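Data block for upload.cif (mmCIF, C-alpha atoms):
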```
data_entry
loop_
_atom_site.label_atom_id
_atom_site.label_comp_id
_atom_site.auth_asym_id
_atom_site.auth_seq_id
_atom_site.Cartn_x
_atom_site.Cartn_y
_atom_site.Cartn_z
CA MET A 1 0.00 0.00 0.00
CA ASN A 2 1.23 3.47 -0.87
CA PRO A 3 1.68 5.21 2.52
CA ILE A 4 0.36 8.52 1.14
CA ILE A 5 -2.87 9.40 -0.65
CA SER A 6 -3.54 12.46 -2.80
CA ALA A 7 -6.51 14.79 -2.28
CA ARG A 8 -8.00 13.61 -5.57
CA GLU A 9 -7.67 9.95 -4.57
CA LEU A 10 -9.24 10.66 -1.18
CA ALA A 11 -12.18 12.50 -2.79
CA GLU A 12 -12.74 9.50 -5.06
CA LEU A 13 -12.55 7.14 -2.10
CA LEU A 14 -15.06 9.18 -0.08
CA GLY A 15 -17.41 9.34 -3.05
CA ALA A 16 -17.25 5.64 -3.85
CA GLY A 17 -20.22 4.80 -1.64
CA GLU A 18 -18.31 2.12 0.25
CA ARG A 19 -17.29 2.14 3.89
CA SER A 20 -15.65 5.51 4.55
CA PRO A 21 -12.12 5.66 5.95
CA ARG A 22 -11.56 6.99 9.45
CA LEU A 23 -10.24 10.54 9.09
CA LEU A 24 -7.95 11.96 11.78
CA ASP A 25 -7.11 15.67 11.91
CA VAL A 26 -3.79 16.14 13.73
CA ARG A 27 -2.98 19.74 12.84
CA TRP A 28 -0.14 21.03 15.03
CA ARG A 29 2.22 23.97 15.30
CA SER A 30 5.59 23.43 16.93
CA GLY A 31 5.86 25.46 20.12
CA GLY A 32 2.45 27.05 19.60
CA PRO A 33 -1.06 26.64 20.97
CA SER A 34 -3.34 23.77 20.02
CA CYS A 35 -4.86 23.78 16.54
CA ARG A 36 -8.22 22.71 17.91
CA PRO A 37 -9.71 26.15 17.04
CA GLU A 38 -8.68 25.65 13.40
CA TYR A 39 -10.30 22.23 13.44
CA ALA A 40 -13.50 23.72 14.88
CA ALA A 41 -13.53 26.38 12.15
CA GLY A 42 -13.27 23.86 9.34
CA HIS A 43 -12.06 20.30 8.79
CA LEU A 44 -12.53 17.46 6.34
CA PRO A 45 -16.09 16.18 6.78
CA GLY A 46 -16.19 13.39 9.36
CA ALA A 47 -12.68 13.99 10.69
CA VAL A 48 -11.91 13.74 14.42
CA TYR A 49 -9.25 15.94 16.01
CA LEU A 50 -6.30 14.59 18.00
CA ASP A 51 -3.79 16.84 19.76
CA LEU A 52 -0.15 15.87 19.18
CA GLU A 53 1.08 17.36 22.44
CA GLU A 54 -1.69 15.89 24.59
CA GLU A 55 -2.57 12.59 22.90
CA LEU A 56 0.32 11.61 20.64
CA THR A 57 3.14 12.43 23.08
CA GLY A 58 3.93 10.92 26.44
CA PRO A 59 4.81 12.73 29.67
CA LYS A 60 8.25 14.29 29.75
CA GLY A 61 10.39 11.79 31.63
CA THR A 62 14.04 11.37 32.47
CA THR A 63 15.30 10.80 28.91
CA GLY A 64 15.18 14.46 27.89
CA CYS A 65 13.15 13.82 24.73
CA ARG A 66 10.84 16.73 23.95
CA HIS A 67 8.20 14.47 22.37
CA PRO A 68 8.50 11.05 24.05
CA LEU A 69 6.37 8.23 22.74
CA PRO A 70 2.93 8.04 24.34
CA ASP A 71 2.07 5.25 26.72
CA PRO A 72 0.52 2.57 24.47
CA ALA A 73 -2.56 2.25 26.69
CA ALA A 74 -3.17 6.01 26.62
CA PHE A 75 -2.54 6.11 22.88
CA GLY A 76 -5.00 3.25 22.34
CA ALA A 77 -7.63 5.00 24.43
CA ALA A 78 -7.21 8.19 22.37
CA MET A 79 -7.55 6.24 19.13
CA ARG A 80 -10.67 4.44 20.33
CA ARG A 81 -12.21 7.78 21.37
CA ALA A 82 -11.55 8.93 17.81
CA GLY A 83 -13.47 5.89 16.57
CA VAL A 84 -10.47 3.98 15.21
CA ARG A 85 -11.14 0.31 14.61
CA ALA A 86 -8.59 -2.39 13.87
CA ASP A 87 -10.09 -2.97 10.42
CA ASP A 88 -10.45 0.71 9.49
CA ASP A 89 -8.69 2.35 6.58
CA VAL A 90 -7.23 5.31 8.49
CA ILE A 91 -6.33 8.57 6.72
CA VAL A 92 -4.32 11.10 8.73
CA TYR A 93 -3.79 14.75 7.80
CA ASP A 94 -2.50 17.99 9.23
CA GLY A 95 -2.13 21.59 8.08
CA GLY A 96 0.10 20.67 5.16
CA GLN A 97 3.58 20.18 6.60
CA ASN A 98 2.83 16.47 7.12
CA TRP A 99 5.06 16.25 10.20
CA ALA A 100 2.26 15.60 12.70
CA ALA A 101 0.45 13.37 10.21
CA ALA A 102 3.63 11.34 9.71
CA ARG A 103 4.08 11.05 13.47
CA THR A 104 0.56 9.62 13.76
CA TRP A 105 1.12 7.34 10.77
CA TRP A 106 4.28 5.99 12.39
CA LEU A 107 2.63 5.53 15.80
CA LEU A 108 -0.25 3.58 14.31
CA ARG A 109 2.14 1.38 12.33
CA TRP A 110 4.38 0.86 15.38
CA THR A 111 1.39 -0.22 17.42
CA GLY A 112 0.16 -2.65 14.78
CA HIS A 113 -2.52 -0.92 12.71
CA ARG A 114 -2.43 -2.44 9.24
CA SER A 115 -4.01 0.28 7.09
CA VAL A 116 -2.96 3.89 7.61
CA ARG A 117 -2.04 6.57 5.07
CA VAL A 118 -1.19 10.27 5.11
CA LEU A 119 -3.10 12.82 3.04
CA ASP A 120 -0.33 14.37 0.98
CA GLY A 121 -0.35 18.13 1.53
CA GLY A 122 -3.02 18.02 4.23
CA VAL A 123 -5.83 20.56 4.44
CA ALA A 124 -4.16 22.89 1.95
CA ALA A 125 -4.05 20.21 -0.74
CA TRP A 126 -7.64 19.19 0.01
CA THR A 127 -9.06 22.70 -0.43
CA ALA A 128 -6.81 23.39 -3.45
CA ALA A 129 -8.37 20.34 -5.10
CA GLY A 130 -11.88 21.70 -4.46
CA GLY A 131 -12.58 19.74 -1.30
CA GLU A 132 -15.07 21.21 1.13
CA LEU A 133 -14.58 21.76 4.86
CA SER A 134 -17.12 21.28 7.64
CA ASP A 135 -17.47 22.82 11.09
CA GLU A 136 -19.66 19.95 12.28
CA VAL A 137 -17.97 17.85 14.95
CA PRO A 138 -18.92 14.24 14.22
CA GLU A 139 -20.24 11.85 16.82
CA VAL A 140 -18.29 8.64 16.42
CA ALA A 141 -18.81 5.23 17.96
CA GLU A 142 -16.07 3.95 20.24
CA GLY A 143 -13.39 2.16 18.26
CA ASP A 144 -11.83 -1.19 19.07
CA PHE A 145 -8.17 -0.66 18.18
CA VAL A 146 -5.81 -2.13 20.80
CA PRO A 147 -2.15 -1.18 20.32
CA ALA A 148 0.48 -3.89 20.06
CA PRO A 149 3.79 -1.99 20.17
CA GLY A 150 6.70 -3.40 18.23
CA ALA A 151 5.00 -4.05 14.91
CA VAL A 152 7.82 -2.02 13.34
CA PRO A 153 11.30 -1.73 14.92
CA LEU A 154 12.46 1.20 17.00
CA LEU A 155 15.93 2.54 17.75
CA ASP A 156 17.21 3.69 21.12
CA ALA A 157 20.32 5.82 21.63
CA ASP A 158 22.74 2.88 21.67
CA GLY A 159 21.07 1.39 18.61
CA ALA A 160 21.31 4.70 16.74
CA ALA A 161 25.02 5.00 17.55
CA ALA A 162 25.68 1.45 16.37
CA LEU A 163 23.65 1.93 13.19
CA ALA A 164 25.62 5.08 12.34
CA ARG A 165 28.75 2.90 12.33
CA ARG A 166 27.48 -0.10 10.39
CA GLY A 167 24.64 1.26 8.23
CA VAL A 168 23.01 4.57 7.27
CA LEU A 169 21.74 6.97 9.93
CA LEU A 170 20.03 10.07 8.53
CA ASP A 171 19.66 13.34 10.44
CA ALA A 172 16.38 14.94 9.32
CA ARG A 173 16.96 18.34 10.92
CA ALA A 174 17.99 21.50 9.10
CA ALA A 175 21.54 21.32 7.74
CA GLU A 176 22.78 24.20 9.91
CA ARG A 177 21.66 22.34 13.04
CA TYR A 178 23.41 19.18 11.82
CA ARG A 179 26.62 21.15 11.26
CA GLY A 180 26.37 22.62 14.76
CA GLU A 181 26.14 26.23 13.63
CA VAL A 182 22.86 26.87 15.49
CA GLU A 183 20.75 24.97 17.98
CA PRO A 184 17.51 26.73 18.93
CA LEU A 185 15.94 23.95 20.98
CA ASP A 186 18.38 21.50 22.51
CA PRO A 187 21.36 22.01 24.86
CA VAL A 188 24.13 20.99 22.44
CA ALA A 189 24.65 21.69 18.73
CA GLY A 190 25.90 19.12 16.24
CA HIS A 191 24.97 15.58 15.25
CA ILE A 192 25.40 11.93 16.17
CA PRO A 193 28.84 10.81 14.95
CA GLY A 194 28.52 8.96 11.67
CA ALA A 195 25.09 10.37 10.81
CA LEU A 196 24.42 11.94 7.40
CA SER A 197 22.55 15.20 6.87
CA ALA A 198 19.22 14.69 5.08
CA PRO A 199 16.87 17.61 5.89
CA THR A 200 13.18 16.75 5.88
CA THR A 201 12.44 19.90 3.89
CA GLU A 202 14.06 18.31 0.83
CA ASN A 203 11.43 15.55 0.78
CA VAL A 204 8.76 17.89 -0.56
CA ASP A 205 8.21 20.34 -3.40
CA ALA A 206 7.34 24.04 -3.24
CA ASP A 207 3.69 23.19 -2.50
CA GLY A 208 4.58 20.93 0.41
CA LEU A 209 3.72 17.75 -1.52
CA PHE A 210 6.01 14.75 -1.41
CA ARG A 211 8.33 14.54 -4.37
CA PRO A 212 7.66 11.63 -6.75
CA ALA A 213 8.89 8.25 -5.54
CA ALA A 214 11.62 8.11 -8.19
CA GLU A 215 13.02 11.49 -7.11
CA LEU A 216 12.98 10.49 -3.46
CA ALA A 217 14.66 7.19 -4.29
CA GLU A 218 17.40 9.06 -6.17
CA ARG A 219 17.87 11.46 -3.27
CA PHE A 220 18.19 8.73 -0.67
CA SER A 221 20.30 6.50 -2.92
CA ALA A 222 22.95 9.24 -3.03
CA LEU A 223 23.14 8.90 0.76
CA GLY A 224 23.39 5.12 0.67
CA ALA A 225 19.79 4.60 1.74
CA VAL A 226 18.69 1.96 -0.74
CA PRO A 227 16.47 -1.13 -0.50
CA GLY A 228 18.36 -3.76 1.47
CA ALA A 229 20.48 -1.26 3.39
CA GLU A 230 20.03 -0.83 7.12
CA VAL A 231 18.61 2.68 7.45
CA GLY A 232 17.69 4.73 10.50
CA VAL A 233 16.42 8.28 11.01
CA TYR A 234 16.44 10.82 13.81
CA CYS A 235 15.51 14.49 14.12
CA GLY A 236 15.09 16.81 17.09
CA SER A 237 12.38 15.00 19.01
CA GLY A 238 10.97 12.27 16.78
CA VAL A 239 8.34 14.25 14.84
CA SER A 240 10.03 15.40 11.62
CA GLY A 241 12.04 12.17 11.70
CA ALA A 242 8.78 10.29 11.20
CA HIS A 243 8.26 12.40 8.07
CA GLU A 244 11.62 11.19 6.77
CA VAL A 245 10.67 7.57 7.51
CA LEU A 246 7.47 8.19 5.55
CA ALA A 247 9.40 9.71 2.62
CA LEU A 248 11.71 6.70 2.62
CA ALA A 249 8.66 4.41 2.57
CA VAL A 250 7.35 6.29 -0.47
CA ALA A 251 10.74 5.65 -2.07
CA GLY A 252 10.50 1.95 -1.23
CA VAL A 253 13.18 1.99 1.49
CA PRO A 254 12.22 0.66 4.95
CA ALA A 255 13.73 2.72 7.77
CA VAL A 256 13.80 2.64 11.56
CA LEU A 257 13.08 5.70 13.72
CA TYR A 258 15.18 6.80 16.68
CA ALA A 259 12.21 8.35 18.43
CA GLY A 260 14.19 9.98 21.26
CA SER A 261 16.30 11.78 18.66
CA TRP A 262 18.67 14.68 19.30
CA SER A 263 16.83 15.99 22.36
CA GLU A 264 17.32 12.63 24.10
CA TRP A 265 20.86 12.16 22.77
CA THR A 266 22.10 15.49 24.11
CA ALA A 267 20.40 15.07 27.49
CA ASP A 268 23.25 12.70 28.39
CA PRO A 269 26.52 14.71 28.41
CA SER A 270 28.56 11.51 28.06
CA ARG A 271 27.30 10.89 24.52
CA PRO A 272 29.65 12.04 21.76
CA VAL A 273 28.77 14.93 19.45
CA ALA A 274 30.17 15.68 15.99
CA THR A 275 30.07 19.05 14.20
CA GLY A 276 30.74 20.25 10.69
CA ALA A 277 29.50 19.09 7.32
CA GLN A 278 31.01 15.61 7.54
CA PRO A 279 29.53 12.64 9.43
CA GLY A 280 32.36 12.70 12.00
#
```

Give the structure from the file, written as structure tokens.
Amino acid sequence: MNPIISARELAELLGAGERSPRLLDVRWRSGGPSCRPEYAAGHLPGAVYLDLEEELTGPKGTTGCRHPLPDPAAFGAAMRRAGVRADDDVIVYDGGQNWAAARTWWLLRWTGHRSVRVLDGGVAAWTAAGGELSDEVPEVAEGDFVPAPGAVPLLDADGAAALARRGVLLDARAAERYRGEVEPLDPVAGHIPGALSAPTTENVDADGLFRPAAELAERFSALGAVPGAEVGVYCGSGVSGAHEVLALAVAGVPAVLYAGSWSEWTADPSRPVATGAQPG
């Protein structure tokens, strides 16, 4: 299954007269207030809102990660409140950046849901294609999805360090953060030694849509991320890194997420840090 769906394809799916997919609105702004007001003002008809900070992120613990993984039981409860069933075709979207949508896509895959896709370009792509928005908050029946974590692999800090030595570890943050020139969020600038710079922003075109699979495959191939290679991804706190994992999936390259990412890595001062344009 293609992990993304276009606005046109979604409109056709919704108009097919068959069982409708479960639509999840996960609009989010980094460091800003909840996007629930935007959802209330207009969302894809039938969509249910989930808050990334409150429902797709766990409590800040001792690891230092800014967006730790949610407790599976709490995540499952949030999904069931949103009406998610184990046999649903789930479509996730956000405001267009696709970071929050990719995070939700990854979480659902990690916890064992078998059918989840991201609306490429989110709300912006939907309205640009002529899709209508609704301010009606749907009443949904309780879902039955029960998370089973581990359906896809997950890296911890030690695993990320080892993968950087034996395989391909991609840093999805902005290149200047990778090089250690600036660090607006975490205590130390730089990157995990051995990691390669692969900014998430280069996965999409000027309209925020994913580049064609062939272009993404060419991009990642130049970094050594090809089918059969052992590939991992990290970012600042595990959100934009999920976008990179999604882009790799579009390109046909399976990849593992280091969910703790740079915020967790730098919380331990004993972990090594590299700077500059080279992997280190």

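The shortest atom-to-atom distance to A:Phe75, with all atoms listed in the file taken into account, belongs to A:Trp110 out of A:Trp265, A:Tyr93, A:Trp110, A:Trp99.
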
Please report, as CSV, each residue of stretch 201-269 of chain A lying at most 7 Å from stretch 150-168 of chain A, together with the nearest pair of atoms and the separation in Å rounded to one decimal; use all atoms listed in the file, and order rows by chain and ascending residue number.
```
residue,atom,partner,partner_atom,distance
A:Gly224,CA,A:Val168,CA,6.6
A:Ala225,CA,A:Val168,CA,6.4
A:Ala229,CA,A:Gly167,CA,6.9
A:Glu230,CA,A:Gly167,CA,5.2
A:Val231,CA,A:Val168,CA,4.8
A:Gly232,CA,A:Val168,CA,6.2
A:Val256,CA,A:Leu154,CA,5.8
A:Leu257,CA,A:Leu154,CA,5.6
A:Tyr258,CA,A:Leu155,CA,4.5
A:Ala259,CA,A:Leu155,CA,6.9
A:Gly260,CA,A:Asp156,CA,7.0
A:Trp265,CA,A:Ala157,CA,6.5
```

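Distance check against A:Pro21 using only C-alpha atoms: of A:Gly194, A:Gly143, A:Gly46, A:Pro187, the minimum falls on A:Gly46.
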
The PyMOL selection byres ((chain A and resi 59-69) around 7) on the file shown: which residues, as a count of residues only? 10

Name the residues that the PyMOL selection byres ((chain A and resi 48-53) around 9) picks from the file above, as a compact mmCIF listing (two decimals) with C-alpha atoms, keeping the file's coordinate frame, using the file's chain letters and numbers.
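So part-v2.txt came out as:
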```
# COMPACT_ATOMS: atom_id res chain seq x y z
CA ARG A 22 -11.56 6.99 9.45
CA LEU A 23 -10.24 10.54 9.09
CA LEU A 24 -7.95 11.96 11.78
CA ASP A 25 -7.11 15.67 11.91
CA VAL A 26 -3.79 16.14 13.73
CA ARG A 27 -2.98 19.74 12.84
CA TRP A 28 -0.14 21.03 15.03
CA SER A 34 -3.34 23.77 20.02
CA CYS A 35 -4.86 23.78 16.54
CA ARG A 36 -8.22 22.71 17.91
CA TYR A 39 -10.30 22.23 13.44
CA ALA A 40 -13.50 23.72 14.88
CA HIS A 43 -12.06 20.30 8.79
CA LEU A 44 -12.53 17.46 6.34
CA GLY A 46 -16.19 13.39 9.36
CA ALA A 47 -12.68 13.99 10.69
CA GLU A 54 -1.69 15.89 24.59
CA GLU A 55 -2.57 12.59 22.90
CA LEU A 56 0.32 11.61 20.64
CA THR A 57 3.14 12.43 23.08
CA GLY A 58 3.93 10.92 26.44
CA HIS A 67 8.20 14.47 22.37
CA ALA A 78 -7.21 8.19 22.37
CA MET A 79 -7.55 6.24 19.13
CA ALA A 82 -11.55 8.93 17.81
CA GLY A 83 -13.47 5.89 16.57
CA ALA A 100 2.26 15.60 12.70
CA ARG A 103 4.08 11.05 13.47
CA THR A 104 0.56 9.62 13.76
CA VAL A 137 -17.97 17.85 14.95
CA PRO A 138 -18.92 14.24 14.22
CA GLU A 139 -20.24 11.85 16.82
CA VAL A 140 -18.29 8.64 16.42
```

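Look at A:Ala195: the protein and nucleic acid residues within 7 Å of it, using all atoms listed in the file and passing over chain neighbours fewer than 4 places away, are A:Ala164, A:Leu169, A:Leu170, A:Asp171, A:His191, A:Pro279.
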
One decimal, in Å: what's the spacing between atom CA of A:Ala249 and atom CA of A:Pro3? 7.0 Å

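For the choices A:Ala213, A:Val226, A:Ala242, A:Val188, the atom-to-atom distance to A:Asn98 is smallest for A:Ala242 when using all atoms listed in the file.
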
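If only C-alpha atoms are the atoms counted, then among A:Gly252, A:Pro33, A:Pro193, A:Pro212 the closest residue to A:Val273 is A:Pro193.
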
Atom CA of A:Glu142 sits from atom CA of A:Leu14 at a separation of 21.0 Å

Interatomic distance (Å, one decimal) between atom CA of A:Val253 and atom CA of A:Thr275: 27.2 Å

Using the incomplete input, complete stretch 4-18 of chain A to the level of N, CA, C and O atoms; output as an mmCIF file, in the frame of the given file.
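Wrote result-v6.cif, looks like this:
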```
data_model
loop_
_atom_site.group_PDB
_atom_site.id
_atom_site.type_symbol
_atom_site.label_atom_id
_atom_site.label_comp_id
_atom_site.auth_asym_id
_atom_site.auth_seq_id
_atom_site.Cartn_x
_atom_site.Cartn_y
_atom_site.Cartn_z
ATOM 1 N N ILE A 4 1.003 7.211 1.266
ATOM 2 C CA ILE A 4 0.360 8.520 1.140
ATOM 3 C C ILE A 4 -0.793 8.405 0.144
ATOM 4 O O ILE A 4 -0.838 7.500 -0.688
ATOM 5 N N ILE A 5 -1.729 9.349 0.256
ATOM 6 C CA ILE A 5 -2.870 9.400 -0.650
ATOM 7 C C ILE A 5 -3.071 10.852 -1.048
ATOM 8 O O ILE A 5 -2.936 11.772 -0.223
ATOM 9 N N SER A 6 -3.342 11.089 -2.325
ATOM 10 C CA SER A 6 -3.540 12.460 -2.800
ATOM 11 C C SER A 6 -4.962 12.923 -2.463
ATOM 12 O O SER A 6 -5.859 12.112 -2.178
ATOM 13 N N ALA A 7 -5.176 14.235 -2.529
ATOM 14 C CA ALA A 7 -6.510 14.790 -2.280
ATOM 15 C C ALA A 7 -7.520 14.251 -3.290
ATOM 16 O O ALA A 7 -8.662 13.940 -2.934
ATOM 17 N N ARG A 8 -7.093 14.145 -4.537
ATOM 18 C CA ARG A 8 -8.000 13.610 -5.570
ATOM 19 C C ARG A 8 -8.369 12.158 -5.267
ATOM 20 O O ARG A 8 -9.542 11.789 -5.359
ATOM 21 N N GLU A 9 -7.392 11.356 -4.889
ATOM 22 C CA GLU A 9 -7.670 9.950 -4.570
ATOM 23 C C GLU A 9 -8.584 9.838 -3.351
ATOM 24 O O GLU A 9 -9.477 8.985 -3.324
ATOM 25 N N LEU A 10 -8.382 10.702 -2.362
ATOM 26 C CA LEU A 10 -9.240 10.660 -1.180
ATOM 27 C C LEU A 10 -10.660 11.057 -1.539
ATOM 28 O O LEU A 10 -11.626 10.434 -1.062
ATOM 29 N N ALA A 11 -10.836 12.085 -2.373
ATOM 30 C CA ALA A 11 -12.180 12.500 -2.790
ATOM 31 C C ALA A 11 -12.880 11.354 -3.506
ATOM 32 O O ALA A 11 -14.084 11.110 -3.286
ATOM 33 N N GLU A 12 -12.160 10.643 -4.360
ATOM 34 C CA GLU A 12 -12.740 9.500 -5.060
ATOM 35 C C GLU A 12 -13.125 8.396 -4.083
ATOM 36 O O GLU A 12 -14.181 7.762 -4.211
ATOM 37 N N LEU A 13 -12.275 8.169 -3.095
ATOM 38 C CA LEU A 13 -12.550 7.140 -2.100
ATOM 39 C C LEU A 13 -13.790 7.490 -1.280
ATOM 40 O O LEU A 13 -14.653 6.633 -1.033
ATOM 41 N N LEU A 14 -13.907 8.756 -0.880
ATOM 42 C CA LEU A 14 -15.060 9.180 -0.080
ATOM 43 C C LEU A 14 -16.349 9.149 -0.894
ATOM 44 O O LEU A 14 -17.430 8.971 -0.336
ATOM 45 N N GLY A 15 -16.215 9.323 -2.210
ATOM 46 C CA GLY A 15 -17.410 9.340 -3.050
ATOM 47 C C GLY A 15 -17.770 7.993 -3.631
ATOM 48 O O GLY A 15 -18.741 7.890 -4.404
ATOM 49 N N ALA A 16 -17.031 6.954 -3.249
ATOM 50 C CA ALA A 16 -17.250 5.640 -3.850
ATOM 51 C C ALA A 16 -18.476 4.924 -3.304
ATOM 52 O O ALA A 16 -18.920 3.923 -3.872
ATOM 53 N N GLY A 17 -19.023 5.422 -2.191
ATOM 54 C CA GLY A 17 -20.220 4.800 -1.640
ATOM 55 C C GLY A 17 -19.935 3.569 -0.794
ATOM 56 O O GLY A 17 -20.855 2.922 -0.299
ATOM 57 N N GLU A 18 -18.664 3.248 -0.605
ATOM 58 C CA GLU A 18 -18.310 2.120 0.250
ATOM 59 C C GLU A 18 -18.057 2.635 1.658
ATOM 60 O O GLU A 18 -18.293 3.787 1.967
#
```
